[in-house]
file input-v1.txt (compact mmCIF, N, CA and C atoms)
# COMPACT_ATOMS: atom_id res chain seq x y z
N MET A 167 113.01 -10.75 -0.87
CA MET A 167 111.91 -11.62 -0.50
C MET A 167 112.37 -12.53 0.64
N LEU A 168 111.57 -12.57 1.70
CA LEU A 168 111.94 -13.36 2.87
C LEU A 168 111.80 -14.86 2.64
N GLN A 169 110.83 -15.24 1.84
CA GLN A 169 110.60 -16.67 1.63
C GLN A 169 111.28 -17.12 0.33
N LYS A 170 112.08 -18.15 0.44
CA LYS A 170 112.79 -18.69 -0.72
C LYS A 170 111.85 -19.62 -1.50
N ASN A 171 112.35 -20.11 -2.61
CA ASN A 171 111.57 -20.98 -3.48
C ASN A 171 111.44 -22.36 -2.82
N THR A 172 110.36 -22.54 -2.10
CA THR A 172 110.09 -23.81 -1.42
C THR A 172 108.58 -23.99 -1.30
N THR A 173 108.15 -25.22 -1.19
CA THR A 173 106.73 -25.48 -0.98
C THR A 173 106.37 -25.40 0.50
N LYS A 174 107.36 -25.39 1.36
CA LYS A 174 107.11 -25.38 2.81
C LYS A 174 107.33 -23.97 3.36
N ARG A 175 106.41 -23.12 2.99
CA ARG A 175 106.44 -21.75 3.49
C ARG A 175 105.63 -21.66 4.77
N ILE A 176 105.45 -20.47 5.28
CA ILE A 176 104.82 -20.29 6.59
C ILE A 176 103.42 -20.89 6.67
N GLY A 177 102.64 -20.78 5.61
CA GLY A 177 101.29 -21.36 5.62
C GLY A 177 101.33 -22.87 5.80
N TYR A 178 102.29 -23.51 5.16
CA TYR A 178 102.46 -24.95 5.32
C TYR A 178 102.71 -25.30 6.78
N TRP A 179 103.68 -24.59 7.39
CA TRP A 179 104.05 -24.91 8.78
C TRP A 179 102.92 -24.60 9.74
N LEU A 180 102.17 -23.54 9.49
CA LEU A 180 101.03 -23.22 10.37
C LEU A 180 99.97 -24.31 10.31
N LEU A 181 99.62 -24.75 9.12
CA LEU A 181 98.61 -25.80 8.99
C LEU A 181 99.13 -27.12 9.55
N HIS A 182 100.38 -27.43 9.26
CA HIS A 182 100.99 -28.66 9.76
C HIS A 182 100.99 -28.68 11.29
N LEU A 183 101.39 -27.58 11.90
CA LEU A 183 101.38 -27.49 13.36
C LEU A 183 99.96 -27.61 13.92
N HIS A 184 99.02 -26.94 13.28
CA HIS A 184 97.62 -27.01 13.70
C HIS A 184 97.16 -28.47 13.71
N GLN A 185 97.44 -29.18 12.63
CA GLN A 185 97.03 -30.58 12.55
C GLN A 185 97.75 -31.43 13.60
N GLN A 186 99.03 -31.19 13.79
CA GLN A 186 99.78 -31.95 14.79
C GLN A 186 99.26 -31.67 16.20
N PHE A 187 98.96 -30.42 16.49
CA PHE A 187 98.40 -30.09 17.81
C PHE A 187 97.07 -30.79 18.03
N ASP A 188 96.20 -30.79 17.02
CA ASP A 188 94.91 -31.46 17.16
C ASP A 188 95.09 -32.95 17.47
N VAL A 189 95.93 -33.61 16.70
CA VAL A 189 96.13 -35.05 16.87
C VAL A 189 96.81 -35.34 18.21
N ALA A 190 97.89 -34.64 18.50
CA ALA A 190 98.65 -34.91 19.73
C ALA A 190 97.83 -34.61 20.97
N THR A 191 97.13 -33.48 20.98
CA THR A 191 96.33 -33.12 22.15
C THR A 191 95.16 -34.08 22.31
N GLY A 192 94.55 -34.46 21.20
CA GLY A 192 93.46 -35.44 21.27
C GLY A 192 93.91 -36.76 21.84
N ALA A 193 95.09 -37.23 21.42
CA ALA A 193 95.62 -38.49 21.95
C ALA A 193 95.97 -38.34 23.42
N LEU A 194 96.56 -37.22 23.75
CA LEU A 194 96.97 -36.94 25.12
C LEU A 194 95.78 -36.92 26.08
N LEU A 195 94.67 -36.36 25.63
CA LEU A 195 93.49 -36.17 26.48
C LEU A 195 92.40 -37.22 26.26
N HIS A 196 92.73 -38.25 25.49
CA HIS A 196 91.73 -39.28 25.16
C HIS A 196 91.09 -39.89 26.41
N GLU A 197 91.90 -40.22 27.39
CA GLU A 197 91.34 -40.82 28.61
C GLU A 197 90.47 -39.85 29.39
N GLN A 198 90.69 -38.55 29.19
CA GLN A 198 89.86 -37.53 29.84
C GLN A 198 88.59 -37.27 29.04
N LYS A 199 88.48 -37.94 27.89
CA LYS A 199 87.35 -37.76 26.97
C LYS A 199 87.25 -36.31 26.50
N LEU A 200 88.42 -35.76 26.14
CA LEU A 200 88.50 -34.38 25.65
C LEU A 200 89.25 -34.34 24.33
N THR A 201 88.82 -33.45 23.45
CA THR A 201 89.56 -33.14 22.23
C THR A 201 90.39 -31.89 22.51
N ARG A 202 91.19 -31.49 21.54
CA ARG A 202 91.94 -30.25 21.70
C ARG A 202 91.00 -29.08 21.90
N ARG A 203 89.94 -29.02 21.10
CA ARG A 203 89.02 -27.90 21.22
C ARG A 203 88.31 -27.90 22.56
N ASP A 204 87.91 -29.11 23.02
CA ASP A 204 87.31 -29.21 24.35
C ASP A 204 88.26 -28.62 25.39
N TRP A 205 89.53 -29.00 25.29
CA TRP A 205 90.52 -28.50 26.24
C TRP A 205 90.60 -26.97 26.18
N GLN A 206 90.65 -26.43 24.98
CA GLN A 206 90.75 -24.98 24.84
C GLN A 206 89.55 -24.28 25.46
N ILE A 207 88.37 -24.82 25.24
CA ILE A 207 87.16 -24.22 25.81
C ILE A 207 87.18 -24.36 27.34
N LEU A 208 87.55 -25.53 27.84
CA LEU A 208 87.63 -25.74 29.28
C LEU A 208 88.63 -24.77 29.92
N HIS A 209 89.78 -24.61 29.27
CA HIS A 209 90.79 -23.70 29.80
C HIS A 209 90.31 -22.25 29.76
N ALA A 210 89.66 -21.88 28.68
CA ALA A 210 89.14 -20.51 28.56
C ALA A 210 88.13 -20.22 29.66
N LEU A 211 87.30 -21.19 29.97
CA LEU A 211 86.34 -21.00 31.07
C LEU A 211 87.08 -20.86 32.40
N GLN A 212 88.14 -21.63 32.57
CA GLN A 212 88.89 -21.58 33.82
C GLN A 212 89.59 -20.23 34.00
N ILE A 213 90.03 -19.62 32.91
CA ILE A 213 90.74 -18.33 33.04
C ILE A 213 89.80 -17.13 32.98
N GLY A 214 88.49 -17.38 32.89
CA GLY A 214 87.57 -16.28 33.07
C GLY A 214 86.62 -15.92 31.95
N LEU A 215 86.73 -16.56 30.78
CA LEU A 215 85.71 -16.29 29.77
C LEU A 215 84.40 -16.84 30.32
N GLY A 216 83.33 -16.06 30.21
CA GLY A 216 82.13 -16.43 30.94
C GLY A 216 80.86 -16.56 30.15
N SER A 217 80.96 -16.66 28.83
CA SER A 217 79.75 -16.85 28.02
C SER A 217 80.13 -17.56 26.72
N VAL A 218 79.13 -18.15 26.10
CA VAL A 218 79.37 -18.80 24.80
C VAL A 218 79.81 -17.75 23.79
N ALA A 219 79.24 -16.56 23.84
CA ALA A 219 79.63 -15.50 22.91
C ALA A 219 81.11 -15.15 23.06
N GLU A 220 81.59 -15.09 24.30
CA GLU A 220 83.02 -14.80 24.52
C GLU A 220 83.88 -15.94 24.00
N LEU A 221 83.46 -17.18 24.23
CA LEU A 221 84.21 -18.33 23.73
C LEU A 221 84.26 -18.31 22.21
N ASP A 222 83.12 -18.08 21.58
CA ASP A 222 83.07 -18.06 20.12
C ASP A 222 83.95 -16.94 19.55
N ALA A 223 83.96 -15.79 20.20
CA ALA A 223 84.81 -14.68 19.73
C ALA A 223 86.28 -15.01 19.92
N ALA A 224 86.63 -15.59 21.06
CA ALA A 224 88.03 -15.90 21.34
C ALA A 224 88.59 -16.96 20.40
N PHE A 225 87.72 -17.88 19.97
CA PHE A 225 88.16 -18.99 19.13
C PHE A 225 87.60 -18.92 17.72
N ALA A 226 87.31 -17.71 17.25
CA ALA A 226 86.70 -17.51 15.93
C ALA A 226 87.47 -18.22 14.81
N PRO A 227 88.80 -18.16 14.77
CA PRO A 227 89.49 -18.88 13.68
C PRO A 227 89.26 -20.39 13.74
N PHE A 228 89.12 -20.93 14.94
CA PHE A 228 88.87 -22.36 15.07
C PHE A 228 87.45 -22.72 14.64
N LEU A 229 86.50 -21.82 14.86
CA LEU A 229 85.15 -22.06 14.38
C LEU A 229 85.17 -22.30 12.87
N VAL A 230 85.91 -21.45 12.17
CA VAL A 230 86.02 -21.59 10.72
C VAL A 230 86.70 -22.92 10.37
N ALA A 231 87.82 -23.20 11.04
CA ALA A 231 88.55 -24.44 10.76
C ALA A 231 87.71 -25.67 11.07
N ASP A 232 86.90 -25.59 12.11
CA ASP A 232 86.07 -26.72 12.52
C ASP A 232 84.76 -26.81 11.73
N GLY A 233 84.47 -25.78 10.93
CA GLY A 233 83.25 -25.79 10.13
C GLY A 233 81.99 -25.73 10.97
N THR A 234 82.06 -24.96 12.06
CA THR A 234 80.90 -24.82 12.93
C THR A 234 80.67 -23.34 13.23
N ARG A 235 79.52 -23.03 13.78
CA ARG A 235 79.17 -21.63 14.05
C ARG A 235 79.35 -21.24 15.51
N THR A 236 79.35 -22.24 16.40
CA THR A 236 79.41 -21.94 17.83
C THR A 236 79.97 -23.13 18.59
N TYR A 237 80.51 -22.84 19.75
CA TYR A 237 80.99 -23.90 20.65
C TYR A 237 79.97 -24.21 21.73
N GLN A 238 78.72 -23.83 21.50
CA GLN A 238 77.64 -24.17 22.42
C GLN A 238 77.56 -25.69 22.68
N PRO A 239 77.72 -26.54 21.65
CA PRO A 239 77.66 -27.98 21.93
C PRO A 239 78.72 -28.47 22.93
N ILE A 240 79.90 -27.88 22.90
CA ILE A 240 80.93 -28.26 23.88
C ILE A 240 80.48 -27.83 25.27
N VAL A 241 79.97 -26.60 25.37
CA VAL A 241 79.47 -26.11 26.66
C VAL A 241 78.34 -27.02 27.15
N ASP A 242 77.43 -27.40 26.26
CA ASP A 242 76.34 -28.28 26.65
C ASP A 242 76.87 -29.62 27.17
N ASP A 243 77.91 -30.14 26.52
CA ASP A 243 78.53 -31.38 26.98
C ASP A 243 79.11 -31.20 28.38
N PHE A 244 79.78 -30.07 28.60
CA PHE A 244 80.37 -29.81 29.92
C PHE A 244 79.28 -29.66 30.99
N VAL A 245 78.17 -29.05 30.61
CA VAL A 245 77.03 -28.95 31.55
C VAL A 245 76.56 -30.36 31.89
N GLY A 246 76.44 -31.21 30.89
CA GLY A 246 76.02 -32.59 31.09
C GLY A 246 76.97 -33.39 31.97
N ARG A 247 78.25 -33.06 31.90
CA ARG A 247 79.25 -33.74 32.74
C ARG A 247 79.28 -33.18 34.16
N GLY A 248 78.54 -32.08 34.37
CA GLY A 248 78.56 -31.44 35.69
C GLY A 248 79.75 -30.53 35.89
N TRP A 249 80.38 -30.12 34.80
CA TRP A 249 81.58 -29.28 34.87
C TRP A 249 81.28 -27.80 34.78
N VAL A 250 80.11 -27.45 34.23
CA VAL A 250 79.76 -26.04 34.01
C VAL A 250 78.36 -25.79 34.53
N GLU A 251 78.21 -24.67 35.21
CA GLU A 251 76.89 -24.18 35.63
C GLU A 251 76.54 -23.01 34.73
N VAL A 252 75.28 -22.89 34.39
CA VAL A 252 74.80 -21.81 33.54
C VAL A 252 73.80 -20.98 34.33
N SER A 253 74.00 -19.68 34.30
CA SER A 253 73.06 -18.74 34.92
C SER A 253 72.79 -17.65 33.89
N GLY A 254 71.66 -17.74 33.21
CA GLY A 254 71.39 -16.82 32.09
C GLY A 254 72.38 -17.13 30.99
N ALA A 255 73.17 -16.13 30.60
CA ALA A 255 74.20 -16.34 29.59
C ALA A 255 75.58 -16.56 30.22
N THR A 256 75.63 -16.55 31.54
CA THR A 256 76.91 -16.65 32.24
C THR A 256 77.26 -18.10 32.55
N LEU A 257 78.51 -18.45 32.24
CA LEU A 257 79.02 -19.79 32.47
C LEU A 257 80.05 -19.75 33.59
N ARG A 258 80.06 -20.82 34.39
CA ARG A 258 81.05 -20.92 35.46
C ARG A 258 81.40 -22.38 35.67
N LEU A 259 82.70 -22.65 35.82
CA LEU A 259 83.12 -24.02 36.12
C LEU A 259 82.68 -24.39 37.53
N THR A 260 82.23 -25.62 37.67
CA THR A 260 81.91 -26.18 38.98
C THR A 260 83.20 -26.72 39.59
N ALA A 261 83.12 -27.23 40.81
CA ALA A 261 84.28 -27.87 41.43
C ALA A 261 84.75 -29.06 40.59
N ALA A 262 83.80 -29.81 40.04
CA ALA A 262 84.15 -30.94 39.17
C ALA A 262 84.82 -30.44 37.89
N GLY A 263 84.37 -29.31 37.36
CA GLY A 263 84.99 -28.72 36.17
C GLY A 263 86.40 -28.23 36.47
N GLU A 264 86.58 -27.64 37.64
CA GLU A 264 87.92 -27.19 38.05
C GLU A 264 88.87 -28.39 38.16
N ALA A 265 88.37 -29.49 38.73
CA ALA A 265 89.19 -30.70 38.88
C ALA A 265 89.53 -31.29 37.52
N ALA A 266 88.55 -31.31 36.60
CA ALA A 266 88.80 -31.81 35.24
C ALA A 266 89.84 -30.94 34.55
N HIS A 267 89.73 -29.62 34.73
CA HIS A 267 90.71 -28.72 34.15
C HIS A 267 92.10 -28.99 34.71
N GLU A 268 92.19 -29.17 36.00
CA GLU A 268 93.48 -29.41 36.63
C GLU A 268 94.13 -30.69 36.10
N ARG A 269 93.36 -31.76 35.95
CA ARG A 269 93.89 -33.02 35.40
C ARG A 269 94.39 -32.82 33.97
N ALA A 270 93.57 -32.18 33.16
CA ALA A 270 93.93 -31.97 31.75
C ALA A 270 95.11 -31.02 31.62
N GLU A 271 95.12 -29.98 32.44
CA GLU A 271 96.20 -28.99 32.35
C GLU A 271 97.56 -29.61 32.66
N ALA A 272 97.61 -30.52 33.60
CA ALA A 272 98.88 -31.19 33.92
C ALA A 272 99.40 -31.94 32.70
N LEU A 273 98.52 -32.61 31.99
CA LEU A 273 98.92 -33.34 30.79
C LEU A 273 99.36 -32.39 29.67
N VAL A 274 98.56 -31.34 29.47
CA VAL A 274 98.86 -30.38 28.40
C VAL A 274 100.17 -29.64 28.69
N ASN A 275 100.39 -29.25 29.93
CA ASN A 275 101.63 -28.55 30.27
C ASN A 275 102.85 -29.44 30.07
N ALA A 276 102.75 -30.71 30.45
CA ALA A 276 103.87 -31.64 30.24
C ALA A 276 104.15 -31.79 28.75
N HIS A 277 103.09 -31.87 27.95
CA HIS A 277 103.25 -31.99 26.50
C HIS A 277 103.86 -30.71 25.92
N ALA A 278 103.43 -29.57 26.42
CA ALA A 278 103.99 -28.30 25.94
C ALA A 278 105.48 -28.21 26.25
N ASP A 279 105.85 -28.63 27.45
CA ASP A 279 107.27 -28.62 27.81
C ASP A 279 108.08 -29.45 26.82
N GLU A 280 107.56 -30.62 26.46
CA GLU A 280 108.25 -31.49 25.51
C GLU A 280 108.25 -30.88 24.10
N SER A 281 107.13 -30.32 23.70
CA SER A 281 107.01 -29.72 22.36
C SER A 281 107.93 -28.53 22.17
N LEU A 282 108.16 -27.80 23.24
CA LEU A 282 108.98 -26.58 23.16
C LEU A 282 110.43 -26.81 23.59
N ARG A 283 110.80 -28.07 23.73
CA ARG A 283 112.16 -28.41 24.13
C ARG A 283 113.17 -27.76 23.18
N GLY A 284 114.17 -27.12 23.73
CA GLY A 284 115.22 -26.49 22.93
C GLY A 284 114.88 -25.10 22.45
N ILE A 285 113.71 -24.60 22.80
CA ILE A 285 113.28 -23.26 22.41
C ILE A 285 113.27 -22.39 23.66
N THR A 286 113.98 -21.28 23.60
CA THR A 286 114.01 -20.39 24.75
C THR A 286 112.71 -19.59 24.81
N GLU A 287 112.44 -19.03 25.98
CA GLU A 287 111.26 -18.18 26.12
C GLU A 287 111.35 -17.00 25.16
N GLU A 288 112.54 -16.46 25.01
CA GLU A 288 112.75 -15.32 24.10
C GLU A 288 112.42 -15.72 22.66
N GLU A 289 112.86 -16.89 22.23
CA GLU A 289 112.57 -17.37 20.88
C GLU A 289 111.06 -17.61 20.70
N PHE A 290 110.44 -18.20 21.70
CA PHE A 290 109.01 -18.46 21.63
C PHE A 290 108.23 -17.16 21.50
N LEU A 291 108.56 -16.18 22.34
CA LEU A 291 107.85 -14.90 22.31
C LEU A 291 108.11 -14.17 21.00
N ALA A 292 109.33 -14.28 20.47
CA ALA A 292 109.65 -13.63 19.19
C ALA A 292 108.85 -14.28 18.06
N ALA A 293 108.77 -15.61 18.05
CA ALA A 293 107.99 -16.30 17.01
C ALA A 293 106.53 -15.90 17.09
N ASN A 294 106.01 -15.83 18.28
CA ASN A 294 104.61 -15.44 18.47
C ASN A 294 104.39 -14.01 17.97
N ALA A 295 105.33 -13.13 18.28
CA ALA A 295 105.22 -11.74 17.85
C ALA A 295 105.28 -11.63 16.32
N VAL A 296 106.13 -12.42 15.69
CA VAL A 296 106.23 -12.41 14.23
C VAL A 296 104.90 -12.87 13.61
N LEU A 297 104.33 -13.94 14.14
CA LEU A 297 103.05 -14.42 13.60
C LEU A 297 101.95 -13.39 13.79
N ALA A 298 101.93 -12.74 14.95
CA ALA A 298 100.94 -11.68 15.19
C ALA A 298 101.12 -10.53 14.22
N LYS A 299 102.35 -10.17 13.93
CA LYS A 299 102.64 -9.07 12.99
C LYS A 299 102.17 -9.43 11.58
N ILE A 300 102.45 -10.67 11.15
CA ILE A 300 101.99 -11.10 9.84
C ILE A 300 100.47 -11.04 9.77
N ALA A 301 99.79 -11.53 10.81
CA ALA A 301 98.32 -11.48 10.84
C ALA A 301 97.84 -10.04 10.76
N ASP A 302 98.47 -9.14 11.50
CA ASP A 302 98.08 -7.73 11.46
C ASP A 302 98.30 -7.15 10.06
N ASN A 303 99.42 -7.48 9.45
CA ASN A 303 99.72 -6.98 8.10
C ASN A 303 98.67 -7.44 7.11
N ILE A 304 98.29 -8.71 7.19
CA ILE A 304 97.28 -9.24 6.27
C ILE A 304 95.93 -8.59 6.52
N ALA A 305 95.59 -8.37 7.79
CA ALA A 305 94.30 -7.78 8.15
C ALA A 305 94.17 -6.34 7.66
N THR A 306 95.30 -5.64 7.51
CA THR A 306 95.24 -4.23 7.10
C THR A 306 95.46 -4.05 5.60
N GLU A 307 95.60 -5.15 4.87
CA GLU A 307 95.78 -5.02 3.40
C GLU A 307 94.52 -4.56 2.74
call {"tool": "encode", "arguments": {"input": "input-v1.txt", "output": "structure tokens"}}
result
Amino acid sequence: MLQKNTTKRIGYWLLHLHQQFDVATGALLHEQKLTRRDWQILHALQIGLGSVAELDAAFAPFLVADGTRTYQPIVDDFVGRGWVEVSGATLRLTAAGEAAHERAEALVNAHADESLRGITEEEFLAANAVLAKIADNIATE
């Protein structure tokens, strides 16, 4: 058995990290008036996701964790801020949205560098691969 007799097994660490990321990212982006989820949606739009349906599919586990059905309200907020243009079902960041993303990304990247201090790229990729494998194993049970 890979896990020894402890209360701090992988599920504990995953939830603990999730909570820490939410709090830390929220504090980090407070002046930008963004939450962690706002940041994730903004970044997803910047890298090419182009509809609410794509955002909801990409962040499906977070929808469950957040107790919501869609991230349409975040998109609506971004439209109200002038950060997103809507054409039919297609979403696109405006110049103001790109600038907001750039400001937030600088903060998030600096925080990531600090959070991953002492972890090599190889270790990070291996940990990610292990988590993906566990998820795949559970999904095929």
call {"tool": "atom_distance", "arguments": {"input": "input-v1.txt", "atom1": "atom C of Val245 (chain A)", "atom2": "atom N of Ala276 (chain A)"}}
result
26.2 Å
call {"tool": "select_by_dssp", "arguments": {"input": "input-v1.txt", "residues": "chain A", "states": "strand (DSSP E)", "output": "MDAnalysis selection string"}}
result
chainID A and resid 250:253 256:259
call {"tool": "write_last_selection", "arguments": {"input": "input-v1.txt", "atoms": "N, CA and C atoms", "output": "short mmCIF file (atom, residue, chain, number, x, y, z; two decimals), in the frame of the given file"}}
result
data_model
loop_
_atom_site.label_atom_id
_atom_site.label_comp_id
_atom_site.auth_asym_id
_atom_site.auth_seq_id
_atom_site.Cartn_x
_atom_site.Cartn_y
_atom_site.Cartn_z
N VAL A 250 80.11 -27.45 34.23
CA VAL A 250 79.76 -26.04 34.01
C VAL A 250 78.36 -25.79 34.53
N GLU A 251 78.21 -24.67 35.21
CA GLU A 251 76.89 -24.18 35.63
C GLU A 251 76.54 -23.01 34.73
N VAL A 252 75.28 -22.89 34.39
CA VAL A 252 74.80 -21.81 33.54
C VAL A 252 73.80 -20.98 34.33
N SER A 253 74.00 -19.68 34.30
CA SER A 253 73.06 -18.74 34.92
C SER A 253 72.79 -17.65 33.89
N THR A 256 75.63 -16.55 31.54
CA THR A 256 76.91 -16.65 32.24
C THR A 256 77.26 -18.10 32.55
N LEU A 257 78.51 -18.45 32.24
CA LEU A 257 79.02 -19.79 32.47
C LEU A 257 80.05 -19.75 33.59
N ARG A 258 80.06 -20.82 34.39
CA ARG A 258 81.05 -20.92 35.46
C ARG A 258 81.40 -22.38 35.67
N LEU A 259 82.70 -22.65 35.82
CA LEU A 259 83.12 -24.02 36.12
C LEU A 259 82.68 -24.39 37.53
#
call {"tool": "select_by_dssp", "arguments": {"input": "input-v1.txt", "residues": "chain A", "states": "alpha helix (DSSP H)", "output": "MDAnalysis selection string"}}
result
chainID A and resid 176:194 202:212 218:224 226:232 238:247 261:281 287:305
call {"tool": "residues_around", "arguments": {"input": "input-v1.txt", "residues": "Gln212 (chain A)", "least_positions_apart": "3", "cutoff": "8 Å", "atoms": "all atoms listed in the file", "output": "list of chain:residue names"}}
result
A:Gln206, A:Ile207, A:Leu208, A:His209, A:Leu215, A:Gly216, A:Arg258, A:Leu259, A:Gly263, A:Glu264, A:His267
call {"tool": "atom_distance", "arguments": {"input": "input-v1.txt", "atom1": "CA of Ala278 (chain A)", "atom2": "CA of Leu194 (chain A)"}}
result
11.2 Å
call {"tool": "residues_near_point", "arguments": {"input": "input-v1.txt", "point": "(96.6, -35.5, 31.5)", "cutoff": "8 Å", "atoms": "all atoms listed in the file", "output": "PyMOL selection string"}}
result
chain A and resi 194-198+268-276
call {"tool": "write_last_selection", "arguments": {"input": "input-v1.txt", "atoms": "N, CA and C atoms", "output": "mmCIF file, in the coordinates of the input"}}
result
data_model
loop_
_atom_site.group_PDB
_atom_site.id
_atom_site.type_symbol
_atom_site.label_atom_id
_atom_site.label_comp_id
_atom_site.auth_asym_id
_atom_site.auth_seq_id
_atom_site.Cartn_x
_atom_site.Cartn_y
_atom_site.Cartn_z
ATOM 1 N N LEU A 194 96.560 -37.220 23.750
ATOM 2 C CA LEU A 194 96.970 -36.940 25.120
ATOM 3 C C LEU A 194 95.780 -36.920 26.080
ATOM 4 N N LEU A 195 94.670 -36.360 25.630
ATOM 5 C CA LEU A 195 93.490 -36.170 26.480
ATOM 6 C C LEU A 195 92.400 -37.220 26.260
ATOM 7 N N HIS A 196 92.730 -38.250 25.490
ATOM 8 C CA HIS A 196 91.730 -39.280 25.160
ATOM 9 C C HIS A 196 91.090 -39.890 26.410
ATOM 10 N N GLU A 197 91.900 -40.220 27.390
ATOM 11 C CA GLU A 197 91.340 -40.820 28.610
ATOM 12 C C GLU A 197 90.470 -39.850 29.390
ATOM 13 N N GLN A 198 90.690 -38.550 29.190
ATOM 14 C CA GLN A 198 89.860 -37.530 29.840
ATOM 15 C C GLN A 198 88.590 -37.270 29.040
ATOM 16 N N GLU A 268 92.190 -29.170 36.000
ATOM 17 C CA GLU A 268 93.480 -29.410 36.630
ATOM 18 C C GLU A 268 94.130 -30.690 36.100
ATOM 19 N N ARG A 269 93.360 -31.760 35.950
ATOM 20 C CA ARG A 269 93.890 -33.020 35.400
ATOM 21 C C ARG A 269 94.390 -32.820 33.970
ATOM 22 N N ALA A 270 93.570 -32.180 33.160
ATOM 23 C CA ALA A 270 93.930 -31.970 31.750
ATOM 24 C C ALA A 270 95.110 -31.020 31.620
ATOM 25 N N GLU A 271 95.120 -29.980 32.440
ATOM 26 C CA GLU A 271 96.200 -28.990 32.350
ATOM 27 C C GLU A 271 97.560 -29.610 32.660
ATOM 28 N N ALA A 272 97.610 -30.520 33.600
ATOM 29 C CA ALA A 272 98.880 -31.190 33.920
ATOM 30 C C ALA A 272 99.400 -31.940 32.700
ATOM 31 N N LEU A 273 98.520 -32.610 31.990
ATOM 32 C CA LEU A 273 98.920 -33.340 30.790
ATOM 33 C C LEU A 273 99.360 -32.390 29.670
ATOM 34 N N VAL A 274 98.560 -31.340 29.470
ATOM 35 C CA VAL A 274 98.860 -30.380 28.400
ATOM 36 C C VAL A 274 100.170 -29.640 28.690
ATOM 37 N N ASN A 275 100.390 -29.250 29.930
ATOM 38 C CA ASN A 275 101.630 -28.550 30.270
ATOM 39 C C ASN A 275 102.850 -29.440 30.070
ATOM 40 N N ALA A 276 102.750 -30.710 30.450
ATOM 41 C CA ALA A 276 103.870 -31.640 30.240
ATOM 42 C C ALA A 276 104.150 -31.790 28.750
#
call {"tool": "residues_around", "arguments": {"input": "input-v1.txt", "residues": "region 184-189 of chain A", "least_positions_apart": "4", "cutoff": "8 Å", "atoms": "all atoms listed in the file", "output": "short mmCIF file (atom, residue, chain, number, x, y, z; two decimals) with N, CA and C atoms, keeping the file's coordinate frame"}}
result
data_model
loop_
_atom_site.label_atom_id
_atom_site.label_comp_id
_atom_site.auth_asym_id
_atom_site.auth_seq_id
_atom_site.Cartn_x
_atom_site.Cartn_y
_atom_site.Cartn_z
N TYR A 178 102.29 -23.51 5.16
CA TYR A 178 102.46 -24.95 5.32
C TYR A 178 102.71 -25.30 6.78
N TRP A 179 103.68 -24.59 7.39
CA TRP A 179 104.05 -24.91 8.78
C TRP A 179 102.92 -24.60 9.74
N LEU A 180 102.17 -23.54 9.49
CA LEU A 180 101.03 -23.22 10.37
C LEU A 180 99.97 -24.31 10.31
N ALA A 193 95.09 -37.23 21.42
CA ALA A 193 95.62 -38.49 21.95
C ALA A 193 95.97 -38.34 23.42
N LEU A 194 96.56 -37.22 23.75
CA LEU A 194 96.97 -36.94 25.12
C LEU A 194 95.78 -36.92 26.08
N LEU A 195 94.67 -36.36 25.63
CA LEU A 195 93.49 -36.17 26.48
C LEU A 195 92.40 -37.22 26.26
N THR A 201 88.82 -33.45 23.45
CA THR A 201 89.56 -33.14 22.23
C THR A 201 90.39 -31.89 22.51
N ARG A 202 91.19 -31.49 21.54
CA ARG A 202 91.94 -30.25 21.70
C ARG A 202 91.00 -29.08 21.90
N ARG A 203 89.94 -29.02 21.10
CA ARG A 203 89.02 -27.90 21.22
C ARG A 203 88.31 -27.90 22.56
#
call {"tool": "atom_distance", "arguments": {"input": "input-v1.txt", "atom1": "CA of Thr286 (chain A)", "atom2": "CA of Gly177 (chain A)"}}
result
23.0 Å
call {"tool": "decode", "arguments": {"input": "input-v1.txt", "residues": "region 210-217 of chain A", "atoms": "N, CA, C and O atoms", "output": "JSON list (two decimals), in the first residue's frame"}}
result
[["chain", "number", "residue", "atom", "x", "y", "z"],
["A", 210, "ALA", "N", -8.02, 31.84, -19.34],
["A", 210, "ALA", "CA", -8.54, 30.91, -20.34],
["A", 210, "ALA", "C", -9.00, 31.66, -21.59],
["A", 210, "ALA", "O", -8.78, 31.20, -22.72],
["A", 211, "LEU", "N", -9.63, 32.80, -21.39],
["A", 211, "LEU", "CA", -10.05, 33.61, -22.54],
["A", 211, "LEU", "C", -8.82, 34.11, -23.30],
["A", 211, "LEU", "O", -8.80, 34.12, -24.53],
["A", 212, "GLN", "N", -7.78, 34.48, -22.57],
["A", 212, "GLN", "CA", -6.58, 35.00, -23.20],
["A", 212, "GLN", "C", -5.87, 33.93, -24.02],
["A", 212, "GLN", "O", -5.31, 34.22, -25.07],
["A", 213, "ILE", "N", -5.92, 32.68, -23.57],
["A", 213, "ILE", "CA", -5.22, 31.62, -24.32],
["A", 213, "ILE", "C", -6.10, 30.96, -25.38],
["A", 213, "ILE", "O", -5.66, 30.02, -26.03],
["A", 214, "GLY", "N", -7.33, 31.46, -25.56],
["A", 214, "GLY", "CA", -8.09, 31.02, -26.71],
["A", 214, "GLY", "C", -9.41, 30.33, -26.49],
["A", 214, "GLY", "O", -10.10, 30.02, -27.47],
["A", 215, "LEU", "N", -9.81, 30.06, -25.25],
["A", 215, "LEU", "CA", -11.15, 29.53, -25.08],
["A", 215, "LEU", "C", -12.11, 30.64, -25.47],
["A", 215, "LEU", "O", -11.92, 31.78, -25.07],
["A", 216, "GLY", "N", -13.13, 30.30, -26.25],
["A", 216, "GLY", "CA", -13.91, 31.36, -26.86],
["A", 216, "GLY", "C", -15.40, 31.32, -26.63],
["A", 216, "GLY", "O", -16.14, 32.01, -27.34],
["A", 217, "SER", "N", -15.86, 30.56, -25.65],
["A", 217, "SER", "CA", -17.29, 30.54, -25.36],
["A", 217, "SER", "C", -17.50, 30.15, -23.90],
["A", 217, "SER", "O", -16.62, 29.54, -23.28]]
